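Visitor: Got a structure for you, start_10.txt, holding compact mmCIF, C-alpha atoms.
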# COMPACT_ATOMS: atom_id res chain seq x y z
CA MET A 1053 -8.72 27.16 5.85
CA LYS A 1054 -9.98 26.36 2.34
CA SER A 1055 -11.44 22.90 1.71
CA ASN A 1056 -8.75 22.00 -0.86
CA GLU A 1057 -6.01 23.06 1.52
CA PHE A 1058 -7.55 20.96 4.29
CA TRP A 1059 -7.72 17.80 2.14
CA GLY A 1060 -4.24 18.54 0.84
CA LEU A 1061 -2.93 18.65 4.41
CA LEU A 1062 -4.64 15.36 5.24
CA ILE A 1063 -2.82 13.52 2.47
CA ASN A 1064 0.37 15.55 2.38
CA PRO A 1065 1.11 17.50 5.56
CA PHE A 1066 4.82 17.14 4.81
CA ARG A 1067 4.85 20.18 2.54
CA LYS A 1068 4.48 22.14 5.74
CA VAL A 1069 5.73 19.78 8.46
CA ALA A 1070 8.75 17.48 8.35
CA GLY A 1071 11.83 16.64 10.36
CA TRP A 1072 11.69 17.02 14.14
CA GLN A 1073 8.26 18.69 14.07
CA ALA A 1074 6.72 15.75 12.20
CA PHE A 1075 8.54 13.31 14.48
CA GLY A 1076 7.21 15.02 17.63
CA LEU A 1077 3.67 15.11 16.27
CA GLY A 1078 3.94 11.54 15.04
CA LEU A 1079 5.18 10.38 18.44
CA VAL A 1080 2.07 11.83 20.08
CA PHE A 1081 -0.14 9.84 17.69
CA VAL A 1082 1.95 6.68 18.12
CA GLY A 1083 1.88 7.08 21.91
CA VAL A 1084 -1.90 7.43 21.99
CA MET A 1085 -2.18 4.52 19.54
CA GLY A 1086 -0.12 2.34 21.88
CA LEU A 1087 -2.28 3.24 24.87
CA VAL A 1088 -5.66 2.96 23.15
CA GLY A 1089 -4.51 -0.12 21.19
CA THR A 1090 -3.62 -1.91 24.43
CA LEU A 1091 -7.02 -1.14 25.94
CA GLY A 1092 -8.78 -2.36 22.78
CA HIS A 1093 -6.42 -5.33 22.31
CA VAL A 1094 -5.33 -4.01 18.92
CA ALA A 1095 -1.74 -4.89 18.05
CA PHE A 1096 0.06 -2.97 15.29
CA ASP A 1097 2.46 -5.78 14.57
CA GLY A 1098 4.02 -4.98 11.22
CA ALA A 1099 4.78 -2.13 8.85
CA LEU A 1100 1.15 -2.10 7.74
CA ASP A 1101 -0.44 -4.69 10.01
CA MET A 1102 -3.12 -4.56 12.63
CA HIS A 1103 -4.52 -7.54 14.52
CA LEU A 1104 -7.00 -8.08 17.30
CA THR A 1105 -5.53 -10.13 20.14
CA ASP A 1106 -6.94 -11.83 23.21
CA SER A 1107 -4.55 -10.08 25.54
CA LEU A 1108 -2.02 -7.33 25.04
CA THR A 1109 0.24 -5.65 27.57
CA TYR A 1110 1.42 -2.04 27.26
CA ALA A 1111 4.99 -3.31 26.83
CA GLN A 1112 3.98 -5.63 23.98
CA SER A 1113 1.88 -2.93 22.34
CA PHE A 1114 4.71 -0.37 22.33
CA LEU A 1115 7.27 -2.98 21.33
CA TYR A 1116 5.15 -3.94 18.29
CA LEU A 1117 4.78 -0.29 17.36
CA GLY A 1118 8.46 0.47 17.92
CA ILE A 1119 9.69 -2.45 15.86
CA SER A 1120 7.29 -1.84 13.00
CA LEU A 1121 8.15 1.87 12.91
CA ALA A 1122 11.90 1.24 13.15
CA SER A 1123 11.70 -1.25 10.25
CA VAL A 1124 9.89 1.24 8.03
CA VAL A 1125 12.22 4.12 8.93
CA LEU A 1126 15.43 2.15 8.40
CA VAL A 1127 14.37 0.52 5.13
CA MET A 1128 12.92 3.75 3.72
CA TRP A 1129 16.03 5.67 4.71
CA LEU A 1130 18.24 3.15 2.93
CA ALA A 1131 15.94 3.30 -0.11
CA GLY A 1132 16.13 7.10 0.03
CA VAL A 1133 19.92 7.12 0.22
CA MET A 1134 20.04 4.87 -2.86
CA ILE A 1135 17.85 7.09 -5.04
CA ALA A 1136 18.51 10.62 -3.76
CA LYS A 1137 21.58 12.78 -3.32
CA GLN A 1138 20.32 14.67 -0.30
CA VAL A 1139 18.13 12.82 2.14
CA ARG A 1140 18.12 13.56 5.86
CA PHE A 1141 17.46 10.74 8.30
CA ILE A 1142 15.35 13.05 10.48
CA ASP A 1143 12.99 13.78 7.55
CA ILE A 1144 12.42 10.07 6.92
CA LEU A 1145 12.03 9.45 10.66
CA GLY A 1146 9.56 12.32 11.06
CA THR A 1147 7.44 11.68 7.99
CA MET A 1148 7.23 7.91 8.50
CA THR A 1149 6.27 8.37 12.17
CA LEU A 1150 3.52 10.86 11.33
CA ALA A 1151 2.33 8.59 8.50
CA LYS A 1152 1.30 6.08 11.19
CA ALA A 1153 -1.30 8.53 12.52
CA PRO A 1154 -4.33 7.17 10.58
CA PHE A 1155 -3.98 3.85 12.43
CA LEU A 1156 -5.16 5.66 15.57
CA LEU A 1157 -8.67 5.43 14.08
CA LEU A 1158 -8.41 1.63 14.10
CA ALA A 1159 -7.15 1.65 17.68
CA VAL A 1160 -10.18 3.70 18.73
CA VAL A 1161 -12.63 1.46 16.84
CA GLY A 1162 -10.84 -1.52 18.40
CA LEU A 1163 -12.03 -0.31 21.82
CA PHE A 1164 -15.60 -1.12 20.80
CA THR A 1165 -14.84 -4.27 18.82
CA THR A 1166 -15.31 -7.84 19.90
CA ALA A 1167 -13.49 -10.34 17.74
CA PRO A 1168 -15.56 -13.33 16.67
CA ASP A 1169 -14.51 -16.69 18.12
CA LEU A 1170 -11.97 -18.42 15.85
CA THR A 1171 -13.37 -21.90 16.43
CA GLN A 1172 -16.82 -20.62 15.46
CA ILE A 1173 -15.41 -19.07 12.26
CA THR A 1174 -13.66 -22.34 11.38
CA GLN A 1175 -16.93 -24.20 11.68
CA ASN A 1176 -19.01 -21.51 10.03
CA PRO A 1177 -17.18 -18.73 8.12
CA MET A 1178 -20.39 -16.66 8.06
CA ALA A 1179 -19.99 -16.24 11.82
CA VAL A 1180 -17.64 -13.33 10.99
CA PHE A 1181 -20.71 -11.30 10.10
CA SER A 1182 -22.27 -11.82 13.52
CA SER A 1183 -20.10 -9.07 15.00
CA VAL A 1184 -21.07 -5.69 13.55
CA SER A 1185 -18.18 -3.91 15.27
CA PHE A 1186 -15.73 -6.39 13.72
CA ILE A 1187 -17.18 -5.72 10.24
CA VAL A 1188 -16.85 -1.96 10.84
CA LEU A 1189 -13.20 -2.48 11.81
CA LEU A 1190 -12.57 -4.62 8.73
CA VAL A 1191 -14.24 -2.12 6.38
CA LEU A 1192 -12.43 0.82 7.98
CA SER A 1193 -9.04 -0.87 7.87
CA LEU A 1194 -8.79 -0.59 4.06
CA PRO A 1195 -9.18 3.22 3.73
CA VAL A 1196 -6.99 3.70 6.80
CA MET A 1197 -4.27 1.59 5.21
CA VAL A 1198 -4.59 3.47 1.91
CA TRP A 1199 -4.42 6.79 3.78
CA SER A 1200 -1.33 5.70 5.70
CA ILE A 1201 0.41 4.43 2.55
CA THR A 1202 -0.42 7.71 0.79
CA LEU A 1203 1.12 9.62 3.69
CA MET A 1204 4.20 7.40 3.63
CA TYR A 1205 4.58 7.89 -0.13
CA ASN A 1206 4.23 11.67 0.12
CA GLY A 1207 6.62 11.74 3.08
CA PHE A 1208 9.16 9.70 1.14
CA LYS A 1209 8.73 11.96 -1.90
CA VAL A 1210 9.22 15.18 0.07
CA SER A 1211 12.15 13.75 2.03
CA CYS A 1212 14.00 12.50 -1.06
CA GLY A 1213 13.06 15.24 -3.52
CA VAL A 1214 12.86 12.67 -6.32
CA GLN A 1215 9.99 12.10 -8.73
CA GLY A 1216 8.86 9.57 -11.32
CA SER A 1217 9.23 5.82 -11.64
CA LYS A 1218 12.48 5.73 -9.64
CA LEU A 1219 10.63 7.08 -6.59
CA THR A 1220 7.59 4.81 -7.02
CA LEU A 1221 9.69 1.69 -7.48
CA ALA A 1222 11.94 2.48 -4.50
CA PHE A 1223 8.87 3.15 -2.35
CA ILE A 1224 7.02 -0.04 -3.29
CA LEU A 1225 10.14 -2.17 -2.81
CA GLY A 1226 10.95 -0.36 0.44
CA LEU A 1227 7.46 -0.91 1.83
CA PHE A 1228 7.52 -4.58 0.85
CA ILE A 1229 10.95 -5.11 2.44
CA ALA A 1230 9.95 -3.13 5.56
CA GLU A 1231 6.95 -5.42 6.04
CA ILE A 1232 9.19 -8.51 5.80
CA VAL A 1233 11.85 -6.98 8.09
CA SER A 1234 9.24 -6.04 10.71
CA LYS A 1235 7.76 -9.54 10.68
CA LEU A 1236 11.20 -11.17 10.98
CA ALA A 1237 12.24 -8.75 13.76
CA LEU A 1238 9.04 -9.44 15.69
CA HIS A 1239 9.53 -13.17 15.23
CA TRP A 1240 13.11 -13.07 16.51
CA LEU A 1241 12.59 -10.59 19.32
CA LEU A 1242 9.29 -11.82 20.77
CA MET B 148 8.02 40.63 -15.87
CA LEU B 149 10.52 40.60 -18.72
CA PRO B 150 9.27 38.49 -21.67
CA THR B 151 11.75 35.69 -22.32
CA SER B 152 10.08 33.59 -25.02
CA CYS B 153 8.64 34.47 -28.42
CA PRO B 154 4.82 34.80 -28.29
CA SER B 155 4.65 33.46 -31.83
CA CYS B 156 6.98 30.42 -31.88
CA HIS B 157 8.00 30.17 -28.17
CA ALA B 158 11.72 30.27 -29.00
CA GLN B 159 13.99 32.03 -26.52
CA LEU B 160 14.18 35.77 -27.07
CA LYS B 161 17.39 37.75 -27.30
CA VAL B 162 18.04 41.38 -26.42
CA LYS B 163 18.25 43.46 -29.58
CA SER B 164 18.67 46.96 -28.22
CA LEU B 165 19.33 48.86 -25.03
CA THR B 166 18.68 52.55 -24.54
CA CYS B 167 20.25 55.13 -22.28
CA GLU B 168 17.44 57.16 -20.74
CA SER B 169 19.81 60.05 -20.04
CA CYS B 170 21.17 60.76 -23.56
CA SER B 171 18.94 58.46 -25.66
CA THR B 172 21.93 56.54 -27.06
CA GLU B 173 20.81 53.15 -28.34
CA VAL B 174 23.05 50.11 -28.32
CA THR B 175 21.93 47.41 -30.71
CA GLY B 176 23.11 43.86 -31.15
CA SER B 177 22.05 40.34 -30.26
CA TYR B 178 22.61 39.65 -26.59
CA ASP B 179 21.65 36.56 -24.62
CA LEU B 180 19.34 37.11 -21.68
CA PRO B 181 21.02 36.41 -18.35
CA VAL B 182 20.13 32.96 -16.99
CA LEU B 183 18.36 34.43 -13.96
CA ALA B 184 16.09 36.49 -16.22
CA LEU B 185 14.98 33.29 -17.96
CA LEU B 186 13.51 31.93 -14.74
CA SER B 187 9.87 32.47 -13.84
CA ASP B 188 8.86 35.35 -11.60
CA SER B 189 8.25 33.01 -8.65
CA ASP B 190 11.67 31.37 -9.11
CA GLN B 191 13.34 34.79 -9.20
CA GLN B 192 11.47 35.79 -6.03
CA PHE B 193 12.66 32.56 -4.40
CA ILE B 194 16.30 33.32 -5.29
CA LEU B 195 16.01 36.87 -3.96
CA ARG B 196 14.53 35.57 -0.73
CA PHE B 197 17.26 32.92 -0.53
CA VAL B 198 19.99 35.56 -0.85
CA LYS B 199 18.28 37.86 1.68
CA ASN B 200 18.17 34.96 4.14
CA SER B 201 21.94 34.46 3.67
CA GLY B 202 21.32 31.14 1.97
CA SER B 203 19.66 29.61 5.01
CA LEU B 204 17.03 27.10 3.90
CA LYS B 205 15.95 26.73 7.52
CA GLU B 206 15.07 30.42 7.73
CA MET B 207 13.43 30.28 4.31
CA ALA B 208 11.28 27.38 5.47
CA SER B 209 10.18 29.27 8.55
CA GLU B 210 9.44 32.43 6.51
CA LEU B 211 7.48 30.57 3.84
CA LYS B 212 5.76 28.34 6.45
CA LEU B 213 6.92 25.27 4.55
CA SER B 214 8.95 22.28 5.67
CA TYR B 215 12.73 22.23 5.21
CA PRO B 216 12.77 19.41 2.59
CA THR B 217 10.02 21.17 0.60
CA VAL B 218 12.12 24.34 0.39
CA ARG B 219 15.24 22.30 -0.44
CA ASN B 220 13.30 20.58 -3.25
CA MET B 221 12.17 23.98 -4.59
CA LEU B 222 15.80 25.09 -4.66
CA ASN B 223 16.85 21.85 -6.38
CA GLU B 224 14.21 22.41 -9.08
CA ILE B 225 15.57 25.90 -9.74
CA ILE B 226 19.13 24.51 -9.90
CA SER B 227 17.94 21.94 -12.49
CA LYS B 228 16.33 24.72 -14.55
CA ILE B 229 19.50 26.83 -14.40
CA GLU B 230 21.63 23.85 -15.44
CA ALA B 231 19.26 23.17 -18.35
CA TYR B 232 19.46 26.82 -19.49
CA GLU B 233 23.25 26.77 -19.23
CA LYS B 234 23.40 23.77 -21.55
Could you render the structure from this file as structure tokens?
Guide:
Amino acid sequence: MKSNEFWGLLINPFRKVAGWQAFGLGLVFVGVMGLVGTLGHVAFDGALDMHLTDSLTYAQSFLYLGISLASVVLVMWLAGVMIAKQVRFIDILGTMTLAKAPFLLLAVVGLFTTAPDLTQITQNPMAVFSSVSFIVLLVLSLPVMVWSITLMYNGFKVSCGVQGSKLTLAFILGLFIAEIVSKLALHWLL
Amino acid sequence: MLPTSCPSCHAQLKVKSLTCESCSTEVTGSYDLPVLALLSDSDQQFILRFVKNSGSLKEMASELKLSYPTVRNMLNEIISKIEAYEK
């Protein structure tokens, strides 16, 4: 595989994989994320959120993931229906599920991360820097988030078949609304 | 590949003459190129493949090793081009 093709697949695998295939592959990543996240106490509690918690059960971990994913899929599908003539629910479901894959990296790093004590941070904010693993997680979270958003954007673009400002605006609004919906759903349900 | 635009000013070309290879009769005039001939070679190949696959985008996707929505988007782009030519 050529280098360009490899990088192209990393940011837009949806040219080749979408629908049920992407959903199946995405579910594998999400499943492993839920398992590893629970062990590392990393909760994916929002469309684009990740938090370290003191304790996390498998049920909570998968519920967080399920709600955040469902929010993104539903909102993006509605956004897609509004801007495109032909958009299949399964394409949105598949691409958005697979777009979660980069977060697996954070779940793995979370296994080796110890969160600094909150009371210590309140007294001395510099205490954050005492945990190297926490800094690594913080630094890594930005590119992972950018990667995931890029995947979501490309997935939305391929699924809707629309280009230009209409697509960008619908995506940004959709992502923003999905984040709010996921937070509200988590608040009401948990 | 049939040339469709003028190499000098890029305007759309028209067919001026057609020849019979059997008796060398030449028909001259000013005929529009068919819409399909105006499409790029890759677009024409796509249409041929589409017809050969009985219009099944699913089979096209599997043959081209691309996802279904990608192939559907390729078809939509060709439809837009055809509609633009028809105008």
Visitor: Identify every residue of chain A that has at least one atom within 10 Å of any atom of chain B, counting all atoms listed in the file, and report the result as an NGL selection string.
Guide: :A and (1065-1071 or 1073-1074 or 1138-1140 or 1143 or 1207 or 1209-1214)
Visitor: Produce a file of the selected residues containing C-alpha atoms, as a compact mmCIF listing (two decimals), in the coordinates of the input.
Guide:
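Result file is out.txt:
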# COMPACT_ATOMS: atom_id res chain seq x y z
CA PRO A 1065 1.11 17.50 5.56
CA PHE A 1066 4.82 17.14 4.81
CA ARG A 1067 4.85 20.18 2.54
CA LYS A 1068 4.48 22.14 5.74
CA VAL A 1069 5.73 19.78 8.46
CA ALA A 1070 8.75 17.48 8.35
CA GLY A 1071 11.83 16.64 10.36
CA GLN A 1073 8.26 18.69 14.07
CA ALA A 1074 6.72 15.75 12.20
CA GLN A 1138 20.32 14.67 -0.30
CA VAL A 1139 18.13 12.82 2.14
CA ARG A 1140 18.12 13.56 5.86
CA ASP A 1143 12.99 13.78 7.55
CA GLY A 1207 6.62 11.74 3.08
CA LYS A 1209 8.73 11.96 -1.90
CA VAL A 1210 9.22 15.18 0.07
CA SER A 1211 12.15 13.75 2.03
CA CYS A 1212 14.00 12.50 -1.06
CA GLY A 1213 13.06 15.24 -3.52
CA VAL A 1214 12.86 12.67 -6.32
Visitor: Nearest residue to Glu233 in chain B out of B:Leu183, B:Cys153, B:Ala158, B:Cys170, using all atoms listed in the file?
Guide: B:Leu183
Visitor: Record the distance separating CA of Ser1234 in chain A and CA of Ser1120 in chain A, expressed in Å with one decimal.
Guide: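 About the pair CA of Ser1234 in chain A and CA of Ser1120 in chain A: they are 5.2 Å apart.
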Visitor: In Å to one decimal, how far is CA of Lys228 in chain B from CA of Val174 in chain B?
Guide: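 Separation between CA of Val174 in chain B and CA of Lys228 in chain B: 29.7 Å.
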Visitor: From (15.4, 42.9, -29.5), in the file's coordinates, out to 12 Å: which residues are reached, counting all atoms listed in the file? Answer as a ChimeraX atom specification.
Guide: /B:150-153,159-166,173-180
Visitor: Using all atoms listed in the file, determine which residues lie at most 9 Å from Phe1223 in chain A, disregarding the query and same-chain residues fewer than 5 positions distant; provide the list as JSON, numbers by chain.
Guide: {"A": [1128, 1131, 1132, 1204, 1205, 1208, 1209, 1218, 1228]}
Visitor: Distance CA of Leu222 in chain B-CA of Gln1215 in chain A, one decimal place?
Guide: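 Distance between the two atoms: 14.8 Å.
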Visitor: Would you pick out the contacts of range 1054-1063 of chain A at 8 Å or less, using all atoms listed in the file, so that residues sharing its chain but fewer than 3 positions from it are not included, and give the list as a PDB file with C-alpha atoms, keeping the file's coordinate frame?
Guide:
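Contents of the output file part_28.pdb:
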ATOM      1  CA  PHE A1066       4.820  17.140   4.810  1.00  0.00           C
ATOM      2  CA  TRP A1199      -4.420   6.790   3.780  1.00  0.00           C
ATOM      3  CA  THR A1202      -0.420   7.710   0.790  1.00  0.00           C
ATOM      4  CA  LEU A1203       1.120   9.620   3.690  1.00  0.00           C
ATOM      5  CA  ASN A1206       4.230  11.670   0.120  1.00  0.00           C
TER       6      ASN A1206
END
